[in-house]
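Next comes start_29.cif, with mmCIF, C-alpha atoms.
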```cif
data_work
loop_
_atom_site.label_atom_id
_atom_site.label_comp_id
_atom_site.auth_asym_id
_atom_site.auth_seq_id
_atom_site.Cartn_x
_atom_site.Cartn_y
_atom_site.Cartn_z
CA MET X 280 125.56 85.11 96.36
CA LYS X 281 125.00 88.20 98.50
CA LYS X 282 127.99 89.94 96.86
CA ILE X 283 126.67 89.15 93.38
CA ILE X 284 123.22 90.58 94.13
CA LEU X 285 124.63 93.71 95.78
CA SER X 286 127.03 94.22 92.87
CA ALA X 287 124.16 93.89 90.39
CA ILE X 288 122.16 96.51 92.29
CA ALA X 289 125.13 98.89 92.35
CA VAL X 290 125.78 98.47 88.61
CA MET X 291 122.11 99.02 87.84
CA ALA X 292 122.01 102.13 90.02
CA PHE X 293 125.03 103.67 88.31
CA THR X 294 123.73 102.69 84.86
CA PHE X 295 120.44 104.46 85.36
CA ALA X 296 121.77 107.36 87.43
CA ASN X 297 121.84 109.53 84.32
CA ALA X 298 118.19 108.92 83.52
CA GLN X 299 116.23 112.15 83.20
CA SER X 300 113.53 111.40 85.71
CA GLY X 301 112.99 109.22 88.73
CA GLN X 302 110.57 108.70 91.54
CA PHE X 303 110.93 108.06 95.27
CA LYS X 304 108.31 105.91 97.01
CA ILE X 305 107.75 105.09 100.66
CA GLY X 306 105.09 102.76 102.03
CA ALA X 307 104.02 99.88 104.23
CA HIS X 308 102.70 96.34 103.89
CA ALA X 309 100.97 93.68 105.97
CA GLY X 310 100.27 90.08 105.24
CA VAL X 311 99.63 86.53 106.32
CA VAL X 312 102.38 83.89 106.46
CA PHE X 313 102.04 80.53 104.73
CA GLY X 314 104.33 77.87 103.30
CA ASP X 315 107.24 76.18 105.09
CA LEU X 316 107.12 78.35 108.23
CA LYS X 317 103.38 79.02 108.64
CA ASP X 318 103.39 77.11 111.94
CA SER X 319 106.08 79.41 113.39
CA TYR X 320 104.92 82.86 112.22
CA SER X 321 101.50 84.46 111.92
CA ALA X 322 101.90 87.84 110.21
CA ASN X 323 104.27 89.93 108.12
CA LEU X 324 104.49 93.70 108.71
CA GLY X 325 106.93 96.11 107.16
CA ILE X 326 107.95 99.44 105.71
CA ASP X 327 109.34 99.98 102.23
CA ALA X 328 111.36 102.62 100.39
CA ALA X 329 112.28 102.60 96.71
CA TYR X 330 113.71 104.81 94.03
CA LEU X 331 112.85 104.07 90.41
CA TRP X 332 114.20 105.55 87.20
CA ASN X 333 112.01 105.73 84.10
CA VAL X 334 113.43 103.66 81.26
CA THR X 335 110.35 104.26 79.10
CA ASP X 336 106.98 105.83 79.83
CA GLU X 337 105.65 102.45 80.97
CA PHE X 338 108.74 100.74 82.44
CA SER X 339 110.85 101.74 85.47
CA VAL X 340 113.74 100.09 87.32
CA GLY X 341 115.45 100.92 90.58
CA ALA X 342 116.47 99.84 94.05
CA THR X 343 114.40 99.11 97.15
CA THR X 344 114.99 98.54 100.85
CA GLY X 345 113.07 98.75 104.12
CA TYR X 346 112.36 96.49 107.06
CA THR X 347 110.05 93.49 107.21
CA ALA X 348 109.18 91.62 110.42
CA TYR X 349 107.45 88.32 111.01
CA ALA X 350 105.36 87.95 114.19
CA PRO X 351 106.02 84.70 116.05
CA LYS X 352 103.36 82.20 117.05
CA SER X 353 103.25 80.56 120.46
CA TYR X 354 101.84 77.21 121.48
CA ASN X 355 100.70 75.63 124.73
CA TYR X 356 101.79 72.02 125.11
CA ASN X 357 101.12 69.42 127.74
CA ASP X 358 103.54 66.50 127.65
CA GLY X 359 101.56 64.57 130.24
CA TYR X 360 103.60 65.85 133.17
CA MET X 361 103.29 69.60 133.03
CA PRO X 362 101.97 72.21 130.59
CA TYR X 363 104.44 74.60 129.01
CA ARG X 364 104.47 77.34 126.40
CA VAL X 365 106.70 77.36 123.33
CA GLU X 366 107.21 80.54 121.29
CA SER X 367 109.08 81.07 118.04
CA SER X 368 111.57 83.91 117.95
CA GLU X 369 110.77 87.06 115.98
CA ALA X 370 112.30 87.27 112.52
CA GLY X 371 113.23 90.59 110.94
CA PHE X 372 114.94 91.36 107.64
CA VAL X 373 116.37 94.33 105.78
CA PRO X 374 115.86 93.71 102.06
CA ILE X 375 118.37 95.07 99.55
CA ALA X 376 116.86 94.49 96.13
CA ALA X 377 116.48 95.58 92.55
CA THR X 378 112.93 96.51 91.61
CA ALA X 379 111.11 96.85 88.29
CA GLN X 380 107.63 98.07 87.47
CA TYR X 381 105.60 98.00 84.27
CA SER X 382 102.47 100.16 83.88
CA ILE X 383 99.90 97.99 82.11
CA THR X 384 97.49 100.94 81.91
CA ASP X 385 97.46 104.39 83.50
CA TYR X 386 95.98 102.78 86.63
CA LEU X 387 97.29 99.18 86.76
CA PHE X 388 100.85 97.95 87.19
CA ALA X 389 102.86 94.76 87.61
CA GLY X 390 106.25 94.66 89.23
CA ALA X 391 108.84 92.56 91.00
CA ASP X 392 111.65 92.86 93.54
CA LEU X 393 114.68 90.56 93.49
CA GLY X 394 117.58 90.71 95.91
CA TYR X 395 118.84 89.62 99.30
CA ALA X 396 117.16 89.90 102.72
CA ILE X 397 119.67 90.48 105.53
CA TYR X 398 118.63 88.91 108.86
CA ALA X 399 118.25 91.79 111.35
CA ALA X 400 116.56 90.32 114.44
CA SER X 401 118.17 89.23 117.67
CA GLY X 402 119.37 85.67 117.98
CA ASN X 403 120.55 83.26 115.36
CA GLY X 404 119.18 83.60 111.87
CA ASP X 405 120.14 83.60 108.25
CA GLY X 406 119.32 85.94 105.43
CA GLY X 407 118.18 84.64 102.10
CA VAL X 408 117.23 85.39 98.53
CA LEU X 409 114.24 87.74 98.36
CA TYR X 410 111.67 87.67 95.56
CA GLN X 411 108.42 89.59 95.46
CA PRO X 412 106.09 89.83 92.47
CA LYS X 413 103.45 92.59 92.78
CA PHE X 414 100.26 93.68 91.07
CA GLY X 415 98.30 96.80 91.86
CA TYR X 416 96.49 100.06 91.28
CA GLN X 417 98.33 103.35 90.84
CA SER X 418 97.52 107.03 90.66
CA LYS X 419 99.88 109.99 90.43
CA LYS X 420 100.65 109.91 94.19
CA VAL X 421 99.49 106.54 95.59
CA GLU X 422 99.91 102.83 94.84
CA LEU X 423 97.85 99.99 96.33
CA PHE X 424 99.13 96.48 95.69
CA VAL X 425 99.02 92.79 96.49
CA SER X 426 102.24 90.80 96.54
CA TYR X 427 103.73 87.43 97.29
CA LYS X 428 106.97 87.73 99.28
CA GLY X 429 109.41 84.86 99.60
CA ILE X 430 112.70 84.75 101.50
CA SER X 431 114.56 81.54 100.74
CA ALA X 432 117.39 80.19 102.87
CA ASP X 433 117.19 76.70 104.44
CA ALA X 434 113.39 77.04 104.38
CA THR X 435 111.18 79.54 102.58
CA LEU X 436 109.43 82.22 104.59
CA SER X 437 106.42 83.16 102.42
CA SER X 438 103.67 85.71 102.86
CA LEU X 439 100.76 87.10 100.89
CA ASN X 440 100.68 90.87 101.46
CA ILE X 441 98.67 93.98 100.78
CA GLY X 442 100.40 97.33 100.80
CA PHE X 443 100.51 100.93 99.75
CA ASN X 444 103.16 103.38 98.59
CA TYR X 445 103.17 107.14 98.55
CA LYS X 446 105.05 108.64 95.59
CA PHE X 447 107.12 111.83 95.85
#
```
So, in terms of structure tokens, how does the structure I just supplied come out?
Amino acid sequence: MKKIILSAIAVMAFTFANAQSGQFKIGAHAGVVFGDLKDSYSANLGIDAAYLWNVTDEFSVGATTGYTAYAPKSYNYNDGYMPYRVESSEAGFVPIAATAQYSITDYLFAGADLGYAIYAASGNGDGGVLYQPKFGYQSKKVELFVSYKGISADATLSSLNIGFNYKF
């Protein structure tokens, strides 16, 4: 699966490499974790980088990557004999994904990322399929957005995020 997604990204990049104009974006996001692993992780923080090529005036496609980390939760337990503390391990991922964005108006956009998130934290962990629909506000140099990020492997790590991008 990972090879198929990476191959699709490479083909898309070469297909649109001859497009007349493109745009580089760099940004950050933060969010709250929910879903299957909400009891293990409390927050999602990350940085993002993307390059998009204009297909039409309203529609762009490209590739995106970055780093996204999930902050672990800890719990105090008392089993009747002695109290102890249990903490989840940190989870970090490097997403490699295709991205698309449609400008609904000059100031509003909808977009999505689809790819693979490579596990990049210490310890045992698996990567998974990454999907992230987005909706936001845009100007010539800045984007502000809300997104739902899911990374699916054995369980789905989900977060609701807010973020911003600076466009070059």
Given all atoms listed in the file as the counted atoms, nearest of X:Gly371, X:Gly429, X:Gly301, X:Gly394 to X:Val334
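Of X:Gly371, X:Gly429, X:Gly301, X:Gly394, the one nearest X:Val334 is X:Gly301, counting all atoms listed in the file.
Here atom CA of X:Tyr320 and atom CA of X:Ala379 stand 28.4 Å from one another.
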Expand the PyMOL selection byres ((chain X and resi 433) around 12) into the individual residues it matches in the shown file, reporting them as a ChimeraX atom specification.
/X:315-316,404-408,430-432,434-436
So which residues touch stretch 389-392 of chain X within 10 Å, counting only C-alpha atoms, skipping near sequence neighbours fewer than 4 positions away, as a PyMOL selection string?
chain X and resi 338-344+374-384+409-416+424-428
Could you turn the residues from that selection into a file that holds C-alpha atoms, as a compact mmCIF listing (two decimals), keeping the file's coordinate frame?
```
# COMPACT_ATOMS: atom_id res chain seq x y z
CA PHE X 338 108.74 100.74 82.44
CA SER X 339 110.85 101.74 85.47
CA VAL X 340 113.74 100.09 87.32
CA GLY X 341 115.45 100.92 90.58
CA ALA X 342 116.47 99.84 94.05
CA THR X 343 114.40 99.11 97.15
CA THR X 344 114.99 98.54 100.85
CA PRO X 374 115.86 93.71 102.06
CA ILE X 375 118.37 95.07 99.55
CA ALA X 376 116.86 94.49 96.13
CA ALA X 377 116.48 95.58 92.55
CA THR X 378 112.93 96.51 91.61
CA ALA X 379 111.11 96.85 88.29
CA GLN X 380 107.63 98.07 87.47
CA TYR X 381 105.60 98.00 84.27
CA SER X 382 102.47 100.16 83.88
CA ILE X 383 99.90 97.99 82.11
CA THR X 384 97.49 100.94 81.91
CA LEU X 409 114.24 87.74 98.36
CA TYR X 410 111.67 87.67 95.56
CA GLN X 411 108.42 89.59 95.46
CA PRO X 412 106.09 89.83 92.47
CA LYS X 413 103.45 92.59 92.78
CA PHE X 414 100.26 93.68 91.07
CA GLY X 415 98.30 96.80 91.86
CA TYR X 416 96.49 100.06 91.28
CA PHE X 424 99.13 96.48 95.69
CA VAL X 425 99.02 92.79 96.49
CA SER X 426 102.24 90.80 96.54
CA TYR X 427 103.73 87.43 97.29
CA LYS X 428 106.97 87.73 99.28
```
Restricting the calculation to all atoms listed in the file, which member of X:Tyr445, X:Asp318, X:Ala396, X:Gly306 is positioned closest to X:Glu366?
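Nearest to X:Glu366: X:Asp318.
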Extract, using all atoms listed in the file, all DNA, RNA and protein residues at most 10 Å from X:Asp385, discarding same-chain residues fewer than 6 positions from it, and format them as number ranges by chain.
X: 337, 416-419
Shell around X:Gln302 at 10 Å using all atoms listed in the file, local window under 5 positions removed, as a list in words:
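Selected residues are Ala329, Tyr330, Leu331, Trp332, Asn333, Ser339, Gly341, Lys446 and Phe447 of chain X.
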For X:Ala307, which of X:Asn403, X:Ser353, X:Ser437, X:Thr347 is the closest residue, counting all atoms listed in the file?
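With all atoms listed in the file as the atom set, the closest residue is X:Thr347.
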Measure the distance from atom CA of X:Glu422 to atom CA of X:Gly442 in Å and round it to one decimal.
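Distance between the two atoms: 8.1 Å.
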What does the distance from atom CA of X:Ala399 to atom CA of X:Ala348 come to in Å, to one decimal?
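Separation of atom CA of X:Ala399 and atom CA of X:Ala348: 9.1 Å.
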Nearest to X:Glu369 by atom-to-atom distance, counting all atoms listed in the file, from X:Leu324, X:Leu393, X:Leu387, X:Val311:
X:Leu324
